[in-house]
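Report on one structure; see the data block that follows.
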Amino acid sequence: MRRHPGERLWAFAVWALVVFFIGNLLAMIGSVVVNSFGTRWFNTWLPAGFTTQWYSLAWNEFQLPAILLVTVEVVGAVIVLSALIGVPAAYAMARREFPGKRAVMLLFLLPLMVPPITYGIPLATVLYQAHLAGAIWGVILANLVPTVPFVILIMIPFVEQIDPRVEAAARVFGAGLLRLFVQILVPLLTPGILAALLLVLVRTIAMFELTFLTAGPDSQTLVVALYYAVFAAGVRPGQSIDAMAVVYMVTTLAWLLIALRFVNPTQIVTRAKR
Amino acid sequence: MSSSTLSLRRRLRERGLDGVTLLVIPGVVFVLALFIYPFLYGLVLSFVPKQGGALANYATFFTDPFLYDTIWTTLLIAIPVTILNVVVSIPVALRVRLMRRQRLLTTILVIPITLGTVMVAEGLLTYLGPRGWLNRVLLEFGLADSPVRLIHNYWGVMLSLVITGFPFTFLLTLSYVTGIDPSLEQAGAMLGARARTRFNRILLPLLLPGLTITLALAFVQAFSVFPSAILLGAPSGPTRVISIAAYTAAFEQFDYSMASAIAMIMAGMQVLIVVALLAMRGLFFRGPASTGKG
């Protein structure tokens with residue numbers, strides 16, 4: 001195909017736009033990292049000197065050890081529970097045709113389509129009435145609302161790939177449902193489960209709205225603590241807020257990199273494509 | 001064998017209901033209890049205001065400009081940024097589709113989505129601030145005389161929605177674009193159609209259904225902007241979006257009834273726009289985007 005000069009110019013403009021976007025994105029991340037290591041930074045390209053003091057300050061001032069512990073607990077519980085509820089449901093959805101299946105499917109799609117802040121406010125109201133919100137269990141329950149359907153929708157195609165004859169053979173040899181899961185399905189589904197749970201992990205670390213609406217003072221995760229730090233900017237030096245932001249960024253991006261070994265980047269957004 | 005002799009279990013199994021089907025129950029119960037029930041509870045609660053009749057909350061909302069203006073404020077942010085993100089995504093996705101190694105680009109673009117709005121807000125506060133790198137560049141190259149104000153106003157929120165929203169619409173559009181068989185476009189090229197004609201006559205009609213979904217999802221996300229409107233915007237004025245009004249009602253005034261009413265109005269607006277977009281989608285051509293054995 002011979003290309004028209006206009007087409008070339010158009011291609012150049014498109015690439016320039018992409019480079020401009022990525023340049024700004026990287027500069028945005030870079031300026032947070034540089035600021036978190038800087039001493040004083042006024043009208044220059046780089047700070048006057050470099051130090052790691054903001055990290056120790058942030059570590060103590062923001063009670064990062066406690067916050068990280070809560071984050072690990074919340075994320076861990078969300079992963080385990082969404083797998084326990086989601087994987088069997090996905091198996092049923094993939095293997096059986098039953099009346100009302102379309103309605104059930106819609107039920108699982110809704111929490112992924114409605115933005116968290118919209119359903120988060122009524123959800124937080126109910127959780128506060130049940131005296132669950134304000135503590136770690138409320139945060140875990142709220143975070144499960146989008147992750148359970150997410151695991152189900154990701155796992156359905158993985159289940160469909162398994163030859164049903166494998167299960168039939170196991171059944172013929174007398175395996176019950178539990179044994180079928182433990183010895184046949186879970187080993188075969190490991191890649192899918194791993195992908196789904198890593199995505200749940202990344203999404204739960206970054207889930208702000210639901211945690212923010214249901215967390216009490218002792219049940220803040222890293223992202224909510226970061227929000228309060230930014231919100232009360234001026235109380236503490238900006239560099240220590242950025243140090244905390246770097247801690248958050250490293251946590252999230254490390255898991256993202258691990259997740260991307262098992263999933264395609266486009267899978268992170270195309271969950272609702274159906 | 002007549003049906004009366006079949007055991008209940010057998011009859012249920014023939015309709016697809018057996019032990020395996022029951023595995024779906026925990027998931028269904030969970031979503032019903034923590035998604036559907038709170039929504040219905042909120043809906044009922046919104047008609048039981050602290051004072052006045054059943055519709056008092058809604059009446060207050062639509063008569064108090066401090067409250068109903070939040071709808072316009074939100075739309076004024078959400079509509080332009082959604083259109084911008086989707087329109088820019090199309091040519092970029094069409095170009096990236098031809099790339100061999102898309103993985104690095106998609107990985108970089110997935111970063112802002114993963115970081116989330118709070119982190120992007122903090123990043124932009126540093127980067128766009130009066131002493132940030134962007135203003136440094138503008139001043140150093142003489143593009144501006146004094147630092148340009150891009151934070152704590154409309155533009156800060158707008159830019160944060162571009163940073164998190166564009167990768168989202170781009171990756172969605174890319175997944176739709178790669179679903180179109182390249183041989184359809186090649187056939188057009190062979191028949192002498194230029195790039196613009198091929199886009200208008202082949203790609204765009206095939207893309208429109210997917211684009212409407214992208215538009216709907218992107219709009220709903222932008223409409224529910226929350227942390228960046230507080231951190232990067234002017235939450236008491238130009239970026240007092242509807243989610244801030246709902247949050248203030250619930251957690252600062254402790255009027256859960258009013259907060260539920262605002263959340264319902266928010267959900268109603270989102271449903272309205274999505275339904276309108278999907279209705280438009282029905283008007284478009286819907287044919288196979290792939291050829292051969294599907």
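Identifiers in the structure tokens: chain A, B, ... in order shown; residue index from 1 per chain; ligand index from 1 in order shown.
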Counting only C-alpha atoms, what is within 12 Å of Pro238 in chain B, bar same-chain residues fewer than 2 positions away, as a list in words?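 Listing them by chain and then by number gives Phe66, Asp69, Thr70, Ile71, Trp72, Thr73, Thr74, Leu75, Leu76, Ile77, His152, Asn153, Tyr154, Trp155, Gly156, Val157, Met158, Ala229, Ile230, Leu232, Gly233, Ala234, Pro235, Ser236, Arg240, Val241, Ile242 and Ile244 of chain B.
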Contacts of Phe226 in chain B at 12 Å or less, counting only C-alpha atoms, minus same-chain residues fewer than 5 places along, as JSON, numbers by chain? {"A": [115, 116, 117, 118, 120, 208, 209, 210, 212, 213, 227], "B": [74, 77, 78, 116, 117, 118, 121, 157, 160, 161, 221, 231, 232, 233, 234, 235, 239, 240, 241, 242, 243, 244, 245, 246, 247, 248]}
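Taking CA of Leu25 in chain A as the reference point, CA of Pro112 in chain B is found at 7.9 Å.
Each of B:Gly16, B:Gly42, B:Pro209, B:Pro26 was compared to Ala263 in chain B using only C-alpha atoms, and B:Gly42 turns out to be the nearest.
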Would you pick out the contacts of Leu194 in chain A at 12 Å or less, using only C-alpha atoms, so that residues sharing its chain but fewer than 4 positions from it are not included, and give the list as a list in words? Ile79, Val80, Ala83, Val87, Val151, Ile154, Met155, Phe158, Val186, Pro187, Leu188, Leu189, Thr190, Leu198, Leu199, Val200, Leu201, Ile258, Ala259, Leu260, Arg261, Phe262 and Val263 of chain A
Go ahead and write the residues just picked, N, CA and C atoms, as a compact mmCIF listing (two decimals), in the first residue's frame.
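Saved result, selection_2.txt, follows:
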# COMPACT_ATOMS: atom_id res chain seq x y z
N ILE A 79 -9.31 -11.61 48.82
CA ILE A 79 -8.87 -12.60 47.83
C ILE A 79 -9.45 -13.97 48.17
N VAL A 80 -9.28 -14.39 49.43
CA VAL A 80 -9.73 -15.73 49.81
C VAL A 80 -11.24 -15.86 49.64
N ALA A 83 -12.52 -15.79 46.05
CA ALA A 83 -12.25 -17.06 45.37
C ALA A 83 -13.23 -18.13 45.83
N VAL A 87 -15.38 -18.81 42.48
CA VAL A 87 -14.99 -19.92 41.61
C VAL A 87 -16.11 -20.97 41.50
N VAL A 151 -14.49 -12.04 39.82
CA VAL A 151 -13.91 -13.39 39.75
C VAL A 151 -14.82 -14.31 38.93
N ILE A 154 -14.48 -13.56 35.18
CA ILE A 154 -13.18 -13.96 34.61
C ILE A 154 -13.09 -15.48 34.53
N MET A 155 -13.64 -16.17 35.53
CA MET A 155 -13.45 -17.63 35.60
C MET A 155 -14.33 -18.40 34.62
N PHE A 158 -12.57 -19.69 31.60
CA PHE A 158 -11.55 -20.68 31.96
C PHE A 158 -12.19 -22.04 32.22
N VAL A 186 -9.52 -27.46 40.58
CA VAL A 186 -8.57 -26.43 41.04
C VAL A 186 -7.21 -26.58 40.34
N PRO A 187 -6.65 -27.80 40.26
CA PRO A 187 -5.37 -27.88 39.52
C PRO A 187 -5.50 -27.43 38.07
N LEU A 188 -6.61 -27.82 37.40
CA LEU A 188 -6.75 -27.43 35.99
C LEU A 188 -7.01 -25.94 35.85
N LEU A 189 -7.65 -25.35 36.86
CA LEU A 189 -8.04 -23.94 36.76
C LEU A 189 -6.97 -23.01 37.31
N THR A 190 -5.87 -23.55 37.81
CA THR A 190 -4.87 -22.70 38.47
C THR A 190 -4.48 -21.44 37.69
N LEU A 198 -4.95 -12.23 41.13
CA LEU A 198 -3.98 -11.14 41.06
C LEU A 198 -4.66 -9.84 40.68
N LEU A 199 -5.63 -9.94 39.75
CA LEU A 199 -6.36 -8.73 39.38
C LEU A 199 -7.18 -8.21 40.55
N VAL A 200 -7.79 -9.13 41.32
CA VAL A 200 -8.53 -8.74 42.51
C VAL A 200 -7.60 -8.02 43.48
N LEU A 201 -6.41 -8.56 43.63
CA LEU A 201 -5.42 -7.98 44.54
C LEU A 201 -5.09 -6.54 44.14
N ILE A 258 3.60 -8.34 38.51
CA ILE A 258 3.41 -9.78 38.67
C ILE A 258 2.15 -10.22 37.93
N ALA A 259 1.07 -9.43 38.10
CA ALA A 259 -0.19 -9.79 37.46
C ALA A 259 -0.04 -9.84 35.94
N LEU A 260 0.73 -8.91 35.40
CA LEU A 260 0.85 -8.82 33.94
C LEU A 260 1.65 -9.99 33.36
N ARG A 261 2.27 -10.79 34.22
CA ARG A 261 2.90 -12.00 33.70
C ARG A 261 1.83 -13.02 33.33
N PHE A 262 0.64 -12.88 33.93
CA PHE A 262 -0.40 -13.87 33.72
C PHE A 262 -1.59 -13.35 32.92
N VAL A 263 -1.75 -12.03 32.84
CA VAL A 263 -2.89 -11.50 32.10
C VAL A 263 -2.40 -10.44 31.13
In Å to one decimal, how far is CA of Leu109 in chain B from CA of Val19 in chain A? 11.3 Å
Within 12 Å of Phe12 in chain A, counting only C-alpha atoms, which residues qualify if same-chain residues fewer than 5 places away don't, as a list in words? Pro5, Gly6, Glu7, Leu17, Val18 and Val19 of chain A; Pro91, Val92 and Arg95 of chain B
Please list as a count of residues only every residue within 8 Å of range 250-261 of chain B, counting only C-alpha atoms and excluding residues in the same chain fewer than 3 positions away. 18
So which residues touch range 174-182 of chain A within 12 Å, counting only C-alpha atoms, skipping near sequence neighbours fewer than 5 positions away, as a PDB file with C-alpha atoms, in the first residue's frame?
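Heads up, here's the output in part.pdb:
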ATOM      1  CA  LEU A  84     -14.363 -19.244  47.668  1.00  0.00           C
ATOM      2  CA  VAL A  87     -14.991 -19.923  41.610  1.00  0.00           C
ATOM      3  CA  PRO A  88     -17.825 -22.385  42.452  1.00  0.00           C
ATOM      4  CA  TYR A  91     -18.294 -23.313  37.588  1.00  0.00           C
ATOM      5  CA  ALA A  92     -22.075 -23.542  37.907  1.00  0.00           C
ATOM      6  CA  VAL A 159     -14.057 -23.311  33.146  1.00  0.00           C
ATOM      7  CA  PRO A 164     -16.357 -31.882  30.563  1.00  0.00           C
ATOM      8  CA  VAL A 166     -12.568 -35.085  32.523  1.00  0.00           C
ATOM      9  CA  GLU A 167     -15.176 -34.249  35.166  1.00  0.00           C
ATOM     10  CA  ALA A 168     -17.485 -36.999  33.950  1.00  0.00           C
ATOM     11  CA  ALA A 169     -14.660 -39.527  34.303  1.00  0.00           C
ATOM     12  CA  PRO A 187      -5.375 -27.884  39.521  1.00  0.00           C
ATOM     13  CA  LEU A 188      -6.750 -27.434  35.994  1.00  0.00           C
ATOM     14  CA  LEU A 189      -8.036 -23.943  36.757  1.00  0.00           C
ATOM     15  CA  THR A 190      -4.868 -22.701  38.473  1.00  0.00           C
TER      16      THR A 190
ATOM     17  CA  ASP B  18     -28.712 -30.151  40.529  1.00  0.00           C
ATOM     18  CA  GLY B  19     -25.876 -30.035  43.045  1.00  0.00           C
ATOM     19  CA  VAL B  20     -23.611 -28.161  40.648  1.00  0.00           C
ATOM     20  CA  THR B  21     -26.195 -25.469  39.969  1.00  0.00           C
ATOM     21  CA  LEU B  22     -26.541 -24.885  43.693  1.00  0.00           C
ATOM     22  CA  LEU B  23     -22.933 -23.677  43.742  1.00  0.00           C
TER      23      LEU B  23
END
CA of Pro167 in chain B sits from CA of Val87 in chain B at a separation of 12.4 Å
So, with only C-alpha atoms as the atoms that count, which of B:Leu12, B:Ala279, B:Ile90, B:Ile25 lies closest to Leu203 in chain B? B:Ile90
Compare B:Leu124, B:Met280, B:Val275, B:Val86 by their minimum atom-to-atom distance to chain A, counting only C-alpha atoms, and give me the closest one.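 Of B:Leu124, B:Met280, B:Val275, B:Val86, the one nearest chain A is B:Leu124, counting only C-alpha atoms.
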